[in-house]
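Shown next, in structure tokens, is the structure this report addresses.
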Amino acid sequence: MEEKATRLRLFETETHGGRAAYRLHAVTVAAGVLMLLYYRATRVPAAGEGRAAWLGMLAAELWYAAYWAVTQSVRWSPVRRRPFKDRLAARHGERLPCVDIFVCTADPYSEPPSLVVSTILSLMAYNYPPEKLSVYLSDDGGSILTFYGMWEASLFAKHWLPFCKRYNIEPRSPAAYFSQSDGHQELCTPKEWTLIKDMFDEMTERIDTAVMSGKVPEEIKARHKGFHEWNQEITSKNHQPIVQILIDGKDQNAVDNEGNALPTLVYMAREKRPQHHHNFKAGAMNALIRVSSVISNSPIIMNVDCDMYSNNKDAVRDALCFFLDEETGHKIGFVQYPQNYNNLSKNNIYGNSLHVINEVEMGGMDSLGGPLYIGTGCFHRREILCGRKFTKDYQEDWNAGIKDKLQESIDETEEKAKSLATCTYEHGTQWGDEIGVKYGCAVEDVITGLAIHCRGWESVYNNPEKPAFMGVGPTTLAQTLLQHKRWSEGNFSIFLSRYNVFLFGHGKTKLRHQMGYHIYGLWAPNSLATLYYVIIPSLALLKGTPLFPEITSPWIAPFVYVFCVKNMYSLYEAVSSGDTLKGWWNGQRMWLVKRMTSYLFGVLDNLRKLLGLSKMTFVVSPKVSDEDESKRYDQEIMGFGSSEPEYVIIATIALLNLVCLLGGLSKVMKGGWNVHLDALFPQLILCGMVVITSIPFYEAMFLRKDKGRIPFQVTLASIGFVMLALLAAMV
């Protein structure tokens, strides 16, 4: 039996079912697309009869066809991985590699320390030998408030970790666990549950009080030497390197209240000076790689966002099933988990679920060479983050980090680590280029993962039934649009750079793998075709200029077929991935909104950078909302409330289509067109669908009185733009 267990794989790969039916669907849609493009190319009207608008429609449809073809690369043969922790335990027992866990935060007000603390505690509580775990927090805000939260976490961990392991509870984020009702009834006595909860609530209140007041009480500062790193002159953008080992896991006295070892816990704030560019999150990650090398130097590095708590106590062991597999483990450079949110509204009001990406697209990438690195929930080999290329004879030293690296005192180790976190350490080195996380892009994680793939490594996507990580998704429209602007802008910048996957990955990765990367790289330019499609056909409808085949013509069939079948399959994908029917509809609305706004600004910002008119910036997405915003989100009412330029675009498109639809219908009733209704009926349908999709926008402009309505000045500006568009169309 033991010999048989040795031969068994530590994971298996399963192919998604229904691929034959899907491929038939894809072939028929492709045929329909070719037919409508043929019609469009061979029926160009004469000059003065809408030729320019017709050619624009041809260009938009060519773009849609090309982008659709790109998206098929990951849908042809997606796979699912299934790790076997029992086999890992039978084969290796507790002789497992050490793991360093990196968490990054940047601002104690956008990312409250109490939220960060719950994430840190959930990571410290993994079902894994604690002496082999080291948790690091990079604080790019250099805030004494965040350090105070970490100090409080180091004390509460002595009670929280044994409580988690004694009752095998999940999730191990105290904030998430205690938010569940009646969790104590099945797992422990009400008295003990209440005791731990009260301790957590009191700790959270102390942290939140310090954040609100902006200072840490003097009596607290006297309890740890780390507080003396801060003085009146320190700011978030101007301070010395700070490294504090709050728990030394190698110290025999570092135990919880039951005498069990605790994981190592380290706080780091790399040096910041106004005259030195700090390279945002990528710079923080590289500083963590160096600092951890003199403290724990584990062969596996996991990184997670500060709002993505561990939801599965066995996520580390699951990831190791891939790295330690005797047959293919040596090829795997990183293991990526999906990004899931625990605060989604029932019907996904802002389209933030990522269900189709997680369930379909990432699994499809996995079948082609591996998913992209998304910057959170990922386990890397330390060696590959340091630039190692894949070779068939490479053997990992899984014992790295096990030997005691803290021969010197903690103070000496901290001083050595500080020297690796200075502003000037990277000058004249390959850090940010050939070594570490790459610089020069808003989505540094994607190009870092791409470089790893191009060095010959594969990656694996593990999407367990119980999500490994849960985070905080955007709860306002503004947060959603900001997040997607950053994602689309960053991914499009890759497309325009030397890291364009078709060029950078040529001869190193499969063509379909390259296409999979570009699903996200081409998000931004989708905005141009979308804006054309929601503006020009509506204006042409008002003028009586047909841009589609007559409804009685056989040529309308491919248009109708492609539209209906593509949307029906989109609905099937969404519902089978976990969305509701209404959630899918909300997702379609947000797909339209993001393309008209976030993705458009992603294109414009990239053009400005190419022209040297702006530089790369990074805006931290807020993880908190005010009470009114939270209430509207829970009620699934879209919130606006400010005069953002994105809202002007949304309102303008909505009003334009409403005016064109009403104008078109009035001409139908009056017989005011010189062409048959059959010729303009498709445009009536298209315009009508935009209007139906925009109903929440009309409500926010004209019916709602709450703070989340669209401001009057936005509505007024939109009316002005609509009038200008109508005047221009009639010229």
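Residue numbering restarts at 1 in every chain; chains get A, B, ... in the order shown in the structure tokens, and ligands count up from 1 in that same order.
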Legend entry - Secondary structure check, alpha helix (DSSP H) residues of segment 394-620 of chain A, as a ChimeraX atom specification: /A:410-419,444-454,477-495,501-504,511-521,526-543,556-577,581-596,598-610
Inset, instruction - Find the residues near Leu161 of chain A: any atom within 12 Å, counting only C-alpha atoms, skip ones fewer than 2 places away on the same chain, and give them as a VMD selection string. - result: chain A and resid 120 to 128 130 153 to 159 163 to 170 172 to 174 196 255 to 263 313
Inset, instruction - Mind checking which residues fall within 8 Å of Glu14 of chain A, counting only C-alpha atoms, ignoring those fewer than 2 positions away in the same chain, and posting them as a ChimeraX atom specification? - result: /A:12,16,79-82
Legend entry - Distance query segment 214-218 of chain A at most 10 Å, only C-alpha atoms, self and fewer than 5 positions along chain excluded, as a PyMOL selection string: chain A and resi 108+143-145+147-148+206-209+223+227
Those same residues, written as an mmCIF file, in the first residue's frame with all heavy atoms?
data_model
loop_
_atom_site.group_PDB
_atom_site.id
_atom_site.type_symbol
_atom_site.label_atom_id
_atom_site.label_comp_id
_atom_site.auth_asym_id
_atom_site.auth_seq_id
_atom_site.Cartn_x
_atom_site.Cartn_y
_atom_site.Cartn_z
ATOM 1 N N PRO A 108 -3.532 53.739 5.923
ATOM 2 C CA PRO A 108 -4.353 53.289 7.043
ATOM 3 C C PRO A 108 -5.790 53.792 7.007
ATOM 4 O O PRO A 108 -6.623 53.322 7.789
ATOM 5 C CB PRO A 108 -3.613 53.850 8.269
ATOM 6 C CG PRO A 108 -2.855 55.027 7.751
ATOM 7 C CD PRO A 108 -2.477 54.679 6.349
ATOM 8 N N SER A 143 2.993 53.950 8.500
ATOM 9 C CA SER A 143 2.144 54.525 9.540
ATOM 10 C C SER A 143 2.313 53.825 10.884
ATOM 11 O O SER A 143 2.263 52.592 10.966
ATOM 12 C CB SER A 143 0.670 54.444 9.108
ATOM 13 O OG SER A 143 -0.185 54.816 10.156
ATOM 14 N N ILE A 144 2.471 54.615 11.925
ATOM 15 C CA ILE A 144 2.526 54.070 13.284
ATOM 16 C C ILE A 144 1.200 53.415 13.654
ATOM 17 O O ILE A 144 1.149 52.493 14.476
ATOM 18 C CB ILE A 144 2.892 55.175 14.301
ATOM 19 C CG1 ILE A 144 3.250 54.547 15.662
ATOM 20 C CG2 ILE A 144 1.764 56.181 14.433
ATOM 21 C CD1 ILE A 144 3.799 55.544 16.662
ATOM 22 N N LEU A 145 0.105 53.841 13.002
ATOM 23 C CA LEU A 145 -1.213 53.255 13.266
ATOM 24 C C LEU A 145 -1.273 51.815 12.780
ATOM 25 O O LEU A 145 -1.832 50.934 13.443
ATOM 26 C CB LEU A 145 -2.299 54.091 12.592
ATOM 27 C CG LEU A 145 -2.359 55.566 13.000
ATOM 28 C CD1 LEU A 145 -3.353 56.324 12.141
ATOM 29 C CD2 LEU A 145 -2.714 55.691 14.479
ATOM 30 N N PHE A 147 1.408 49.886 12.344
ATOM 31 C CA PHE A 147 2.305 49.131 13.217
ATOM 32 C C PHE A 147 1.608 48.800 14.537
ATOM 33 O O PHE A 147 1.741 47.688 15.065
ATOM 34 C CB PHE A 147 3.587 49.911 13.491
ATOM 35 C CG PHE A 147 4.511 49.208 14.447
ATOM 36 C CD1 PHE A 147 5.237 48.103 14.040
ATOM 37 C CD2 PHE A 147 4.629 49.628 15.771
ATOM 38 C CE1 PHE A 147 6.079 47.425 14.922
ATOM 39 C CE2 PHE A 147 5.462 48.965 16.664
ATOM 40 C CZ PHE A 147 6.185 47.857 16.235
ATOM 41 N N TYR A 148 0.841 49.745 15.047
ATOM 42 C CA TYR A 148 0.104 49.488 16.282
ATOM 43 C C TYR A 148 -0.878 48.326 16.095
ATOM 44 O O TYR A 148 -1.002 47.454 16.954
ATOM 45 C CB TYR A 148 -0.643 50.745 16.723
ATOM 46 C CG TYR A 148 -1.627 50.515 17.848
ATOM 47 C CD1 TYR A 148 -1.218 49.913 19.038
ATOM 48 C CD2 TYR A 148 -2.964 50.885 17.715
ATOM 49 C CE1 TYR A 148 -2.116 49.689 20.073
ATOM 50 C CE2 TYR A 148 -3.867 50.671 18.742
ATOM 51 C CZ TYR A 148 -3.438 50.062 19.913
ATOM 52 O OH TYR A 148 -4.334 49.837 20.930
ATOM 53 N N ARG A 206 -9.881 49.464 20.102
ATOM 54 C CA ARG A 206 -8.660 50.222 20.415
ATOM 55 C C ARG A 206 -7.961 50.678 19.137
ATOM 56 O O ARG A 206 -7.490 51.825 19.040
ATOM 57 C CB ARG A 206 -7.709 49.361 21.259
ATOM 58 C CG ARG A 206 -8.184 49.103 22.678
ATOM 59 C CD ARG A 206 -7.062 48.534 23.543
ATOM 60 N NE ARG A 206 -6.563 47.252 23.054
ATOM 61 C CZ ARG A 206 -7.052 46.070 23.415
ATOM 62 N NH1 ARG A 206 -8.091 46.005 24.257
ATOM 63 N NH2 ARG A 206 -6.525 44.954 22.949
ATOM 64 N N ILE A 207 -7.881 49.775 18.155
ATOM 65 C CA ILE A 207 -7.221 50.125 16.888
ATOM 66 C C ILE A 207 -7.988 51.226 16.169
ATOM 67 O O ILE A 207 -7.408 52.225 15.710
ATOM 68 C CB ILE A 207 -7.081 48.883 15.990
ATOM 69 C CG1 ILE A 207 -6.142 47.852 16.632
ATOM 70 C CG2 ILE A 207 -6.573 49.267 14.609
ATOM 71 C CD1 ILE A 207 -6.097 46.514 15.913
ATOM 72 N N ASP A 208 -9.317 51.068 16.056
ATOM 73 C CA ASP A 208 -10.129 52.067 15.348
ATOM 74 C C ASP A 208 -10.092 53.417 16.052
ATOM 75 O O ASP A 208 -10.085 54.473 15.402
ATOM 76 C CB ASP A 208 -11.574 51.568 15.224
ATOM 77 C CG ASP A 208 -11.711 50.398 14.255
ATOM 78 O OD1 ASP A 208 -10.775 50.193 13.455
ATOM 79 O OD2 ASP A 208 -12.744 49.701 14.298
ATOM 80 N N THR A 209 -10.060 53.403 17.376
ATOM 81 C CA THR A 209 -9.979 54.653 18.135
ATOM 82 C C THR A 209 -8.663 55.371 17.845
ATOM 83 O O THR A 209 -8.629 56.600 17.659
ATOM 84 C CB THR A 209 -10.111 54.377 19.641
ATOM 85 O OG1 THR A 209 -11.370 53.762 19.903
ATOM 86 C CG2 THR A 209 -9.995 55.665 20.445
ATOM 87 N N ARG A 223 5.430 50.056 25.473
ATOM 88 C CA ARG A 223 5.415 48.601 25.607
ATOM 89 C C ARG A 223 6.171 47.879 24.499
ATOM 90 O O ARG A 223 6.296 46.663 24.532
ATOM 91 C CB ARG A 223 3.966 48.107 25.678
ATOM 92 C CG ARG A 223 3.225 48.645 26.898
ATOM 93 C CD ARG A 223 1.799 48.178 26.950
ATOM 94 N NE ARG A 223 1.704 46.723 27.077
ATOM 95 C CZ ARG A 223 0.556 46.060 27.092
ATOM 96 N NH1 ARG A 223 -0.587 46.727 27.002
ATOM 97 N NH2 ARG A 223 0.546 44.748 27.202
ATOM 98 N N PHE A 227 7.793 51.336 18.429
ATOM 99 C CA PHE A 227 7.089 52.623 18.370
ATOM 100 C C PHE A 227 8.057 53.799 18.345
ATOM 101 O O PHE A 227 7.710 54.893 17.888
ATOM 102 C CB PHE A 227 6.138 52.752 19.565
ATOM 103 C CG PHE A 227 4.946 51.831 19.490
ATOM 104 C CD1 PHE A 227 4.847 50.720 20.330
ATOM 105 C CD2 PHE A 227 3.933 52.054 18.577
ATOM 106 C CE1 PHE A 227 3.754 49.874 20.268
ATOM 107 C CE2 PHE A 227 2.832 51.210 18.504
ATOM 108 C CZ PHE A 227 2.745 50.115 19.351
#
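Residues with any atom within 8 Å of Cys378 of chain A, counting only C-alpha atoms and excluding same-chain neighbours fewer than 5 positions away, are Met302, Asn303, Val304, Phe334, Val335, Gln336, Tyr337 and Tyr373 of chain A.
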